[in-house]
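Reading through the structure tokens given below for one structure.
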There are 2 protein chains.
Amino acid sequence: MKDFREQAHRLADWIADYLENPERFPVLSQVRPGDITRALPAAAPERGEPFSEIFADFERVIVPGLTHWNHPGFFAYFAISASAPGILAEFLSAALNQQAMLWRTSPAATELEEVTLAWLRTLIGLPPGFDGVIYDTASISTLHALAAAREAAMPDVRGRGLAGRPDLGAARVYCSEHAHSSVDKAVILLGLGHDALARIAADAEFRMRPELLESAIAADRAAGRIPVAVVATVGSTSSTSVDPVQDIAAICARERIWLHVDAAYAGVAAMVPGYEWILRGAQAADSLVVNPHKWLFTPFDLSVLYCRRMDVLRQAFALTPEYLKTSEGDAGVRNLMDTGIQLGRRFRALKLWMILRHFGADGLRAALTEHMRLARTFAGWVDASERFERAAPVPFSVVCFRLRGAGDEQHARLLDAVNASGEVFLSHTRLDGRYTLRLAIGNLATRDTHVRRAWELLNAAAAAL
Amino acid sequence: MKDFREQAHRLADWIADYLENPERFPVLSQVRPGDITRALPAAAPERGEPFSEIFADFERVIVPGLTHWNHPGFFAYFAISASAPGILAEFLSAALNQQAMLWRTSPAATELEEVTLAWLRTLIGLPPGFDGVIYDTASISTLHALAAAREAAMPDVRGRGLAGRPDLGAARVYCSEHAHSSVDKAVILLGLGHDALARIAADAEFRMRPELLESAIAADRAAGRIPVAVVATVGSTSSTSVDPVQDIAAICARERIWLHVDAAYAGVAAMVPGYEWILRGAQAADSLVVNPHKWLFTPFDLSVLYCRRMDVLRQAFALTPEYLKTSEGDAGVRNLMDTGIQLGRRFRALKLWMILRHFGADGLRAALTEHMRLARTFAGWVDASERFERAAPVPFSVVCFRLRGAGDEQHARLLDAVNASGEVFLSHTRLDGRYTLRLAIGNLATRDTHVRRAWELLNAAAAAL
């Protein structure tokens with residue numbers, strides 16, 4: 001491509017403008033299903049086209065179909081940020097096109113991953129016994145954790161599998177009723193079966209009840225089921241509740257069951273003074289997932305699995321065909337392909353390294369603290385309101401609330417009306433069986449004005465119902 | 001970051017220079033294990049640092065630790081290219097930070113994925129019955145294919161799993177002895193067990209022998225084993241051999257066994273006139289993986305799974321918690337999270353779309369044709385040489401060869417000597433039990449001069465042994 005330099009400069013300006021004016025597009029895309037498809041030809045062009053034409057179509061067809069996750073009015077799901085150093089790192093990473101499967105195929109990606117994950121581990125207060133590995137998503141991190149747990153709990157699963165074995169009982173994995181759907185998908189994929197997942201009831205603040213976990217384990221053991229793992233959640237998806245990890249860890253230690261902590265969203269908050277308690281007990285976990293792409297300003301994707309028993313993970317997955325053997329393999333270097341199902345791996349550590357250095361520990365703590373302050377501010381308005389009411393505590397940066405006296409249908413209409421504004425985007429969940437609105441803060445550009453505007457739009461829409 | 005625009009322009013120039021001078025660094029990194037780690041501090045900085053300092057460290061510490069996959073002398077594994085439009089698309093993708101889990105969270109990413117995969121499907125001659133989905137790697141594509149196959153072959157695995165079920169026999173998955181290690185990892189992860197993988201012997205040209213597949217299936221059925229899937233390979237990793245897909249497909253149809261085709265590397269070659277035969281029979285497959293990040297000039301990662309039974313894949317994985325329910329969900333839009341274990345998904349379709357348009361069908365065919373011509377040229381030198389000999393046919397862009405009369409140790413020394421040059425990087429495999437050198441062509445910047453230089457270095461090193 002002869003004009004790469006020119007086009008790269010053009011994109012540098014386009015992206016700089018985009019980041020400087022994150023509100024110039026509606027946050028929730030306003031296209032209708034099929035709009036994008038209809039605007040594009042049914043076949044690839046026979047002859048190559050100039051990049052300027054491709055980019056013109058990008059602006060004309062693609063941009064209107066984007067939901068802007070970088071918009072400061074993005075309050076849905078977990079709000080995230082593609083921070084500037086992270087975007088620059090991804091630009092470099094794409095150009096370098098590293099495949100960090102073996103040490104020799106990218107010594108820098110291999111060693112920078114180890115260094116950067118040690119930095120992050122220290123920041124969130126996990127002891128050095130935790131070894132880290134980067135995956136793409138929390139779904140994959142949790143899948144690997146549960147695969148290692150399966151290997152530890154059930155004899156010779158790697159070799160003999162689970163089917164056709166009279167020596168094996170059915171498995172059981174435990175999590176809170178508020179645990180993420182990635183746990184469901186993992187037990188399905190691993191062949192344990194969805195029925196193997198026992199969802200333990202939570203208390204009034206949506207935290208797993210350890211005494212119910214304990215009795216479930218006892219009942220399962222009595223019935224010949226094999227307890228494989230317990231998943232404790234630090235920052236559940238619906239309400240960001242924190243399971244009592246310390247109590248759960250004590251049970252897992254006593255029962256010798258693998259403890260996996262899903263701290264994908266909230267784990268990073270442990271670096272904020274006053275929030276160390278959220279990972280209390282996690283030091284005794286076997287594995288823990290935390291996602292820098294959720295609340296650490298890292299462009300998607302980058303999930304980290306910390307594991308105290310990485311040898312079990314390797315035992316489950318290490319497998320070196322001849323074409324991947326290297327002389328360093330014998331010299332004890334770390335080959336990242338040995339801890340995962342994916343052979344090829346992008347150079348993801350680069351963005352985390354650049355982000356940690358750009359913000360510094362201090363800057364990261366300040367950003368997280370500010371997001372939690374904004375959430376408390378919004379929660380205060382809800383609490384003082386006669387129209388709305390709070391639906392859950394606010395330990396971090398997400399507020400769950402309801403329109404007083406409204407049912408599902410009214411809530412859904414309210415949400416649609418607010419989201420149609422293009423100024424803010426909120427999503428919902430269900431708590432105690434009831435439709436619940438969620439306001440999630442996590443974008444670096446979100447200010448008091450945006451949170452205030454969301455509140456105004458909610459009140460206006462509620463008044464108009 | 002106040003100076004994002006300035007730094008983005010600086011990177012635009014750095015990357016443009018890098019791509020214009022791909023040979024300014026040694027192709028295989030010359031650092032020693034631990035060099036990168038030792039050059040970096042043990043903890044994250046407390047205060048943020050200017051990007052210019054971070055970038056200075058990138059150049060000082062990270063760059064020497066890179067193995068340059070974009071170097072035209074990269075001939076190891078499968079050589080790849082991060083093409084210019086792909087790099088630009090990734091820059092945009094990082095800034096937009098789309099999460100294409102639901103249609104509404106990125107209508108553009110969702111619909112562009114469908115459009116672009118239809119373009120690619122037509123280019124390689126697969127019928128419209130194949131629906132496509134983008135994953136990160138072929139390991140994950142094949143994992144999903146085999147998960148769907150398991151769901152189809154074994155009753156109610158999603159719900160009841162595999163363990164503790166007297167009604168289920170042990171499983172069996174079949175592939176050639178030359179199939180990729182991702183098949184091994186998938187059967188392990190799925191709980192089928194590594195023993196469940198039957199590696200069928202190949203013929204003299206490294207192609208699976210269908211008659212042996214047939215007898216293996218019969219023997220397994222007689223022994224109460226459940227045949228779950230057959231994996232046929234089009235372009236095996238060691239020698240790029242092509243299994244007789246048509247014969248294998250006939251067996252699978254007769255036996256009602258899921259056929260998955262691993263065309264991760266070579267599948268794209270089906271778009272070149274004269275190479276349509278490589279996917280003959282694949283039209284009857286249940287699923288097929290092809291990796292644009294291997295030989296279609298797409299920055300890593302982007303793997304495509306085509307599947308004729310996407311409903312089975314959805315049946316295995318679809319699961320919508322309340323917090324992900326949308327009004328469009330009821331209106332029949334496609335939510336990409338339903339076909340995968342990963343909930344979050346990057347906007348990968350953007351780069352494939354830009355690449356297909358930038359090169360055009362014609363340009364892609366020309367690039368693939370040129371790579372195959374270069375491989376044939378090199379193979380011709382091997383064939384005419386008294387020092388080296390060919391170890392396998394050359395259907396595509398990889399040449400397998402040996403130093404006549406040399407054993408493992410001599411070959412390994414030869415390879416190390418050549419790779420130490422910094423000018424070229426080759427890897428090895430084992431064929432017929434013997435150490436085999438591989439020269440893989442796949443970088444867009446590779447010219448006759450680079451292939452010629454590899455040949456000179458190989459001959460010089462052989463003479464010096």
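Ligands are numbered from 1 in the order shown, residues from 1 within each chain, and chains are lettered A, B, ... in the order they appear in the structure tokens.
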
Which chain A residues are at most 6 Å from chain B (counting only C-alpha atoms), as JSON, numbers by chain?
{"A": [5, 8, 9, 12, 16, 37, 43, 44, 45, 46, 47, 48, 49, 62, 65, 66, 67, 87, 91, 94, 95, 97, 105, 106, 107, 108, 111, 119, 139, 158, 159, 160, 161, 162, 163, 164, 168, 169, 170, 188, 189, 190, 191, 192, 193, 194, 195, 299, 322, 323, 342, 357, 358, 359, 360, 361, 362, 428, 429]}

At a cut-off of 7 Å, using only C-alpha atoms, what residues contact region 456-464 of chain A? Leave out same-chain residues fewer than 2 positions from it and give the result as a PyMOL selection string.
chain A and resi 414+417-418+452-454

How about saving the chosen residues, all heavy atoms kept, as an mmCIF file, in the first residue's frame?
data_model
loop_
_atom_site.group_PDB
_atom_site.id
_atom_site.type_symbol
_atom_site.label_atom_id
_atom_site.label_comp_id
_atom_site.auth_asym_id
_atom_site.auth_seq_id
_atom_site.Cartn_x
_atom_site.Cartn_y
_atom_site.Cartn_z
ATOM 1 N N LEU A 414 -39.481 2.929 29.810
ATOM 2 C CA LEU A 414 -38.640 4.005 30.350
ATOM 3 C C LEU A 414 -37.218 3.908 29.792
ATOM 4 O O LEU A 414 -36.637 4.896 29.317
ATOM 5 C CB LEU A 414 -38.616 3.890 31.880
ATOM 6 C CG LEU A 414 -37.685 4.841 32.638
ATOM 7 C CD1 LEU A 414 -38.195 6.270 32.569
ATOM 8 C CD2 LEU A 414 -37.548 4.418 34.098
ATOM 9 N N ALA A 417 -36.998 4.802 26.129
ATOM 10 C CA ALA A 417 -37.134 6.248 25.916
ATOM 11 C C ALA A 417 -35.812 6.957 26.227
ATOM 12 O O ALA A 417 -35.354 7.815 25.463
ATOM 13 C CB ALA A 417 -38.256 6.801 26.800
ATOM 14 N N VAL A 418 -35.205 6.592 27.329
ATOM 15 C CA VAL A 418 -33.944 7.223 27.719
ATOM 16 C C VAL A 418 -32.842 6.903 26.701
ATOM 17 O O VAL A 418 -32.092 7.783 26.269
ATOM 18 C CB VAL A 418 -33.543 6.756 29.138
ATOM 19 C CG1 VAL A 418 -32.111 7.138 29.449
ATOM 20 C CG2 VAL A 418 -34.497 7.353 30.165
ATOM 21 N N ARG A 452 -25.458 13.594 35.781
ATOM 22 C CA ARG A 452 -26.590 14.500 36.012
ATOM 23 C C ARG A 452 -27.588 14.414 34.845
ATOM 24 O O ARG A 452 -28.793 14.354 35.033
ATOM 25 C CB ARG A 452 -26.055 15.929 36.174
ATOM 26 C CG ARG A 452 -27.059 17.045 36.087
ATOM 27 C CD ARG A 452 -28.078 17.039 37.217
ATOM 28 N NE ARG A 452 -27.471 17.309 38.528
ATOM 29 C CZ ARG A 452 -28.180 17.275 39.666
ATOM 30 N NH1 ARG A 452 -29.475 16.982 39.670
ATOM 31 N NH2 ARG A 452 -27.571 17.515 40.816
ATOM 32 N N ARG A 453 -27.050 14.388 33.613
ATOM 33 C CA ARG A 453 -27.912 14.341 32.432
ATOM 34 C C ARG A 453 -28.714 13.030 32.401
ATOM 35 O O ARG A 453 -29.899 13.019 32.042
ATOM 36 C CB ARG A 453 -27.057 14.473 31.169
ATOM 37 C CG ARG A 453 -27.836 14.565 29.879
ATOM 38 C CD ARG A 453 -28.730 15.792 29.827
ATOM 39 N NE ARG A 453 -29.568 15.790 28.641
ATOM 40 C CZ ARG A 453 -30.829 16.225 28.607
ATOM 41 N NH1 ARG A 453 -31.397 16.730 29.688
ATOM 42 N NH2 ARG A 453 -31.511 16.181 27.486
ATOM 43 N N ALA A 454 -28.058 11.944 32.783
ATOM 44 C CA ALA A 454 -28.770 10.655 32.837
ATOM 45 C C ALA A 454 -29.939 10.758 33.813
ATOM 46 O O ALA A 454 -31.056 10.290 33.536
ATOM 47 C CB ALA A 454 -27.816 9.542 33.275
#

Best match for closeness to Ile217 (chain A) among A:Tyr135, A:Trp258, A:Phe130, A:Tyr174, counting only C-alpha atoms:
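That would be A:Tyr174, the residue with the smallest distance to Ile217 (chain A).
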
Could you go through region 252-388 of chain B and tell me which residues DSSP, when run on the backbone, assigns to strand (DSSP E or B), listing them as a tab-separated table (two decimals) with N, CA, C and O atoms, in the first residue's frame?
chain	number	residue	atom	x	y	z
B	258	TRP	N	-20.06	-36.16	12.18
B	258	TRP	CA	-19.75	-34.75	11.91
B	258	TRP	C	-18.39	-34.66	11.22
B	258	TRP	O	-17.40	-35.21	11.72
B	259	LEU	N	-18.34	-33.95	10.10
B	259	LEU	CA	-17.07	-33.73	9.42
B	259	LEU	C	-16.63	-32.28	9.59
B	259	LEU	O	-17.32	-31.34	9.18
B	260	HIS	N	-15.48	-32.11	10.21
B	260	HIS	CA	-14.89	-30.78	10.36
B	260	HIS	C	-13.64	-30.72	9.49
B	260	HIS	O	-12.80	-31.62	9.54
B	261	VAL	N	-13.53	-29.68	8.68
B	261	VAL	CA	-12.37	-29.53	7.81
B	261	VAL	C	-11.46	-28.44	8.37
B	261	VAL	O	-11.89	-27.30	8.54
B	262	ASP	N	-10.23	-28.79	8.66
B	262	ASP	CA	-9.25	-27.81	9.13
B	262	ASP	C	-8.49	-27.30	7.91
B	262	ASP	O	-7.51	-27.91	7.47
B	287	SER	N	-18.59	-28.46	9.15
B	287	SER	CA	-17.91	-27.23	9.54
B	287	SER	C	-16.53	-27.18	8.90
B	287	SER	O	-15.97	-28.21	8.51
B	288	LEU	N	-16.01	-25.97	8.80
B	288	LEU	CA	-14.71	-25.76	8.17
B	288	LEU	C	-14.09	-24.51	8.77
B	288	LEU	O	-14.75	-23.49	8.93
B	289	VAL	N	-12.81	-24.61	9.11
B	289	VAL	CA	-12.12	-23.42	9.63
B	289	VAL	C	-11.10	-22.92	8.61
B	289	VAL	O	-10.37	-23.70	8.00
B	290	VAL	N	-11.09	-21.61	8.43
B	290	VAL	CA	-10.07	-20.98	7.59
B	290	VAL	C	-9.61	-19.71	8.32
B	290	VAL	O	-10.41	-19.01	8.92
B	303	SER	N	-9.88	-15.85	12.98
B	303	SER	CA	-10.15	-17.18	12.45
B	303	SER	C	-11.63	-17.26	12.12
B	303	SER	O	-12.46	-16.70	12.83
B	304	VAL	N	-11.97	-17.93	11.03
B	304	VAL	CA	-13.38	-18.04	10.62
B	304	VAL	C	-13.83	-19.49	10.70
B	304	VAL	O	-13.17	-20.38	10.16
B	305	LEU	N	-14.94	-19.71	11.36
B	305	LEU	CA	-15.57	-21.03	11.32
B	305	LEU	C	-16.81	-20.93	10.44
B	305	LEU	O	-17.72	-20.14	10.70
B	306	TYR	N	-16.83	-21.74	9.38
B	306	TYR	CA	-18.04	-21.88	8.58
B	306	TYR	C	-18.75	-23.15	9.04
B	306	TYR	O	-18.11	-24.17	9.24
B	307	CYS	N	-20.05	-23.05	9.17
B	307	CYS	CA	-20.78	-24.20	9.73
B	307	CYS	C	-22.12	-24.34	9.02
B	307	CYS	O	-22.83	-23.36	8.84
B	388	PHE	N	20.95	-31.20	-0.84
B	388	PHE	CA	19.65	-31.31	-0.17
B	388	PHE	C	18.71	-32.20	-0.97
B	388	PHE	O	18.93	-32.46	-2.16

Residue neighbourhood Ala250 (chain B), 12 Å, only C-alpha atoms, exclusion window fewer than 3 positions, as a PyMOL selection string:
chain B and resi 210-211+213-214+230+244-247+253-259+280-285

Export of the given selection (C-alpha atoms) as a PDB file, in the first residue's frame:
ATOM      1  CA  PRO B 210      -9.753 -43.211   4.082  1.00  0.00           C
ATOM      2  CA  GLU B 211      -9.846 -46.999   4.164  1.00  0.00           C
ATOM      3  CA  LEU B 213     -10.590 -44.345   8.764  1.00  0.00           C
ATOM      4  CA  GLU B 214     -13.399 -46.623   7.690  1.00  0.00           C
ATOM      5  CA  VAL B 230     -13.757 -36.649  11.813  1.00  0.00           C
ATOM      6  CA  PRO B 244      -8.894 -36.697   0.502  1.00  0.00           C
ATOM      7  CA  VAL B 245     -11.873 -34.694   1.726  1.00  0.00           C
ATOM      8  CA  GLN B 246     -14.303 -36.103  -0.815  1.00  0.00           C
ATOM      9  CA  ASP B 247     -13.675 -39.706   0.218  1.00  0.00           C
ATOM     10  CA  ALA B 253     -22.230 -39.081   5.323  1.00  0.00           C
ATOM     11  CA  ARG B 254     -22.700 -42.830   5.343  1.00  0.00           C
ATOM     12  CA  GLU B 255     -21.759 -43.143   8.995  1.00  0.00           C
ATOM     13  CA  ARG B 256     -23.552 -39.940  10.016  1.00  0.00           C
ATOM     14  CA  ILE B 257     -20.478 -38.486  11.690  1.00  0.00           C
ATOM     15  CA  TRP B 258     -19.746 -34.748  11.913  1.00  0.00           C
ATOM     16  CA  LEU B 259     -17.067 -33.727   9.415  1.00  0.00           C
ATOM     17  CA  ARG B 280     -13.734 -30.639  -3.182  1.00  0.00           C
ATOM     18  CA  GLY B 281     -15.963 -32.577  -0.834  1.00  0.00           C
ATOM     19  CA  ALA B 282     -15.861 -29.838   1.782  1.00  0.00           C
ATOM     20  CA  GLN B 283     -19.260 -28.672   0.560  1.00  0.00           C
ATOM     21  CA  ALA B 284     -20.621 -31.694   2.409  1.00  0.00           C
ATOM     22  CA  ALA B 285     -18.705 -30.941   5.604  1.00  0.00           C
TER      23      ALA B 285
END

With only C-alpha atoms as the atoms that count, which of A:Arg308, A:Val228, A:Thr449, A:His411 lies nearest to Pro128 (chain A)?
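Residue with the minimum atom-to-atom distance to Pro128 (chain A): A:Arg308.
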
Considering only C-alpha atoms, return as an MDAnalysis selection string whatever protein or nucleic-acid residues lie within 6 Å of region 389-398 of chain A, sequence-local ones (same chain, fewer than 5 positions apart) excluded.
chainID A and resid 371:372 375 382 439:441

Print the selection's residues with all heavy atoms to a file, as a PDB file, in the first residue's frame.
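Full text of part18.pdb as output:
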ATOM      1  N   HIS A 371     -14.724   7.255  39.669  1.00  0.00           N
ATOM      2  CA  HIS A 371     -15.891   6.519  39.173  1.00  0.00           C
ATOM      3  C   HIS A 371     -16.800   6.096  40.324  1.00  0.00           C
ATOM      4  O   HIS A 371     -18.027   6.145  40.215  1.00  0.00           O
ATOM      5  CB  HIS A 371     -15.448   5.296  38.356  1.00  0.00           C
ATOM      6  CG  HIS A 371     -14.902   5.663  37.010  1.00  0.00           C
ATOM      7  ND1 HIS A 371     -14.155   4.819  36.243  1.00  0.00           N
ATOM      8  CD2 HIS A 371     -15.000   6.822  36.306  1.00  0.00           C
ATOM      9  CE1 HIS A 371     -13.820   5.415  35.115  1.00  0.00           C
ATOM     10  NE2 HIS A 371     -14.314   6.632  35.123  1.00  0.00           N
ATOM     11  N   MET A 372     -16.183   5.701  41.422  1.00  0.00           N
ATOM     12  CA  MET A 372     -16.994   5.276  42.581  1.00  0.00           C
ATOM     13  C   MET A 372     -17.677   6.484  43.214  1.00  0.00           C
ATOM     14  O   MET A 372     -18.809   6.392  43.675  1.00  0.00           O
ATOM     15  CB  MET A 372     -16.122   4.493  43.558  1.00  0.00           C
ATOM     16  CG  MET A 372     -15.652   3.159  42.943  1.00  0.00           C
ATOM     17  SD  MET A 372     -14.920   1.976  44.101  1.00  0.00           S
ATOM     18  CE  MET A 372     -13.250   2.565  44.215  1.00  0.00           C
ATOM     19  N   ALA A 375     -20.708   7.253  41.126  1.00  0.00           N
ATOM     20  CA  ALA A 375     -21.789   6.288  41.388  1.00  0.00           C
ATOM     21  C   ALA A 375     -22.486   6.618  42.704  1.00  0.00           C
ATOM     22  O   ALA A 375     -23.727   6.573  42.798  1.00  0.00           O
ATOM     23  CB  ALA A 375     -21.225   4.860  41.420  1.00  0.00           C
ATOM     24  N   VAL A 382     -30.898   9.042  43.811  1.00  0.00           N
ATOM     25  CA  VAL A 382     -31.950   8.013  43.826  1.00  0.00           C
ATOM     26  C   VAL A 382     -32.556   7.935  45.228  1.00  0.00           C
ATOM     27  O   VAL A 382     -33.789   7.937  45.395  1.00  0.00           O
ATOM     28  CB  VAL A 382     -31.389   6.640  43.404  1.00  0.00           C
ATOM     29  CG1 VAL A 382     -32.436   5.541  43.598  1.00  0.00           C
ATOM     30  CG2 VAL A 382     -30.914   6.671  41.949  1.00  0.00           C
ATOM     31  N   LEU A 439     -27.067   1.717  36.260  1.00  0.00           N
ATOM     32  CA  LEU A 439     -26.213   2.783  35.731  1.00  0.00           C
ATOM     33  C   LEU A 439     -24.780   2.402  36.092  1.00  0.00           C
ATOM     34  O   LEU A 439     -24.426   2.348  37.278  1.00  0.00           O
ATOM     35  CB  LEU A 439     -26.581   4.141  36.342  1.00  0.00           C
ATOM     36  CG  LEU A 439     -25.710   5.294  35.828  1.00  0.00           C
ATOM     37  CD1 LEU A 439     -26.534   6.273  34.991  1.00  0.00           C
ATOM     38  CD2 LEU A 439     -25.034   6.036  36.972  1.00  0.00           C
ATOM     39  N   ALA A 440     -23.991   2.104  35.060  1.00  0.00           N
ATOM     40  CA  ALA A 440     -22.617   1.636  35.280  1.00  0.00           C
ATOM     41  C   ALA A 440     -21.635   2.707  34.826  1.00  0.00           C
ATOM     42  O   ALA A 440     -21.711   3.179  33.697  1.00  0.00           O
ATOM     43  CB  ALA A 440     -22.371   0.355  34.492  1.00  0.00           C
ATOM     44  N   ILE A 441     -20.728   3.077  35.699  1.00  0.00           N
ATOM     45  CA  ILE A 441     -19.750   4.108  35.362  1.00  0.00           C
ATOM     46  C   ILE A 441     -18.388   3.465  35.180  1.00  0.00           C
ATOM     47  O   ILE A 441     -17.971   2.639  36.005  1.00  0.00           O
ATOM     48  CB  ILE A 441     -19.728   5.193  36.455  1.00  0.00           C
ATOM     49  CG1 ILE A 441     -21.083   5.918  36.433  1.00  0.00           C
ATOM     50  CG2 ILE A 441     -18.589   6.177  36.224  1.00  0.00           C
ATOM     51  CD1 ILE A 441     -21.338   6.762  37.638  1.00  0.00           C
TER      52      ILE A 441
END

Grab the CA of Gly132 (chain B) to CA of Val234 (chain B) distance for me, in Å with one decimal place.
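Straight-line distance from CA of Gly132 (chain B) to CA of Val234 (chain B) works out to 18.2 Å.
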
From the DSSP assignment of the backbone, select every residue of region 132-272 of chain A that is helix (DSSP H, G or I), and format the answer as a ChimeraX atom specification.
/A:138-153,157-160,181-189,194-196,210-222,245-255,267-271

When you count only C-alpha atoms, which of these residues is closest to Gly422 (chain A): A:Gly73, A:Arg402, A:Pro22, A:Asp131?
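Looking only at the distances to Gly422 (chain A), the closest residue turns out to be A:Gly73.
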
State, in Å with one decimal place, the distance from CA of Leu374 (chain B) to CA of Asp203 (chain B).
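It comes out at 26.2 Å.
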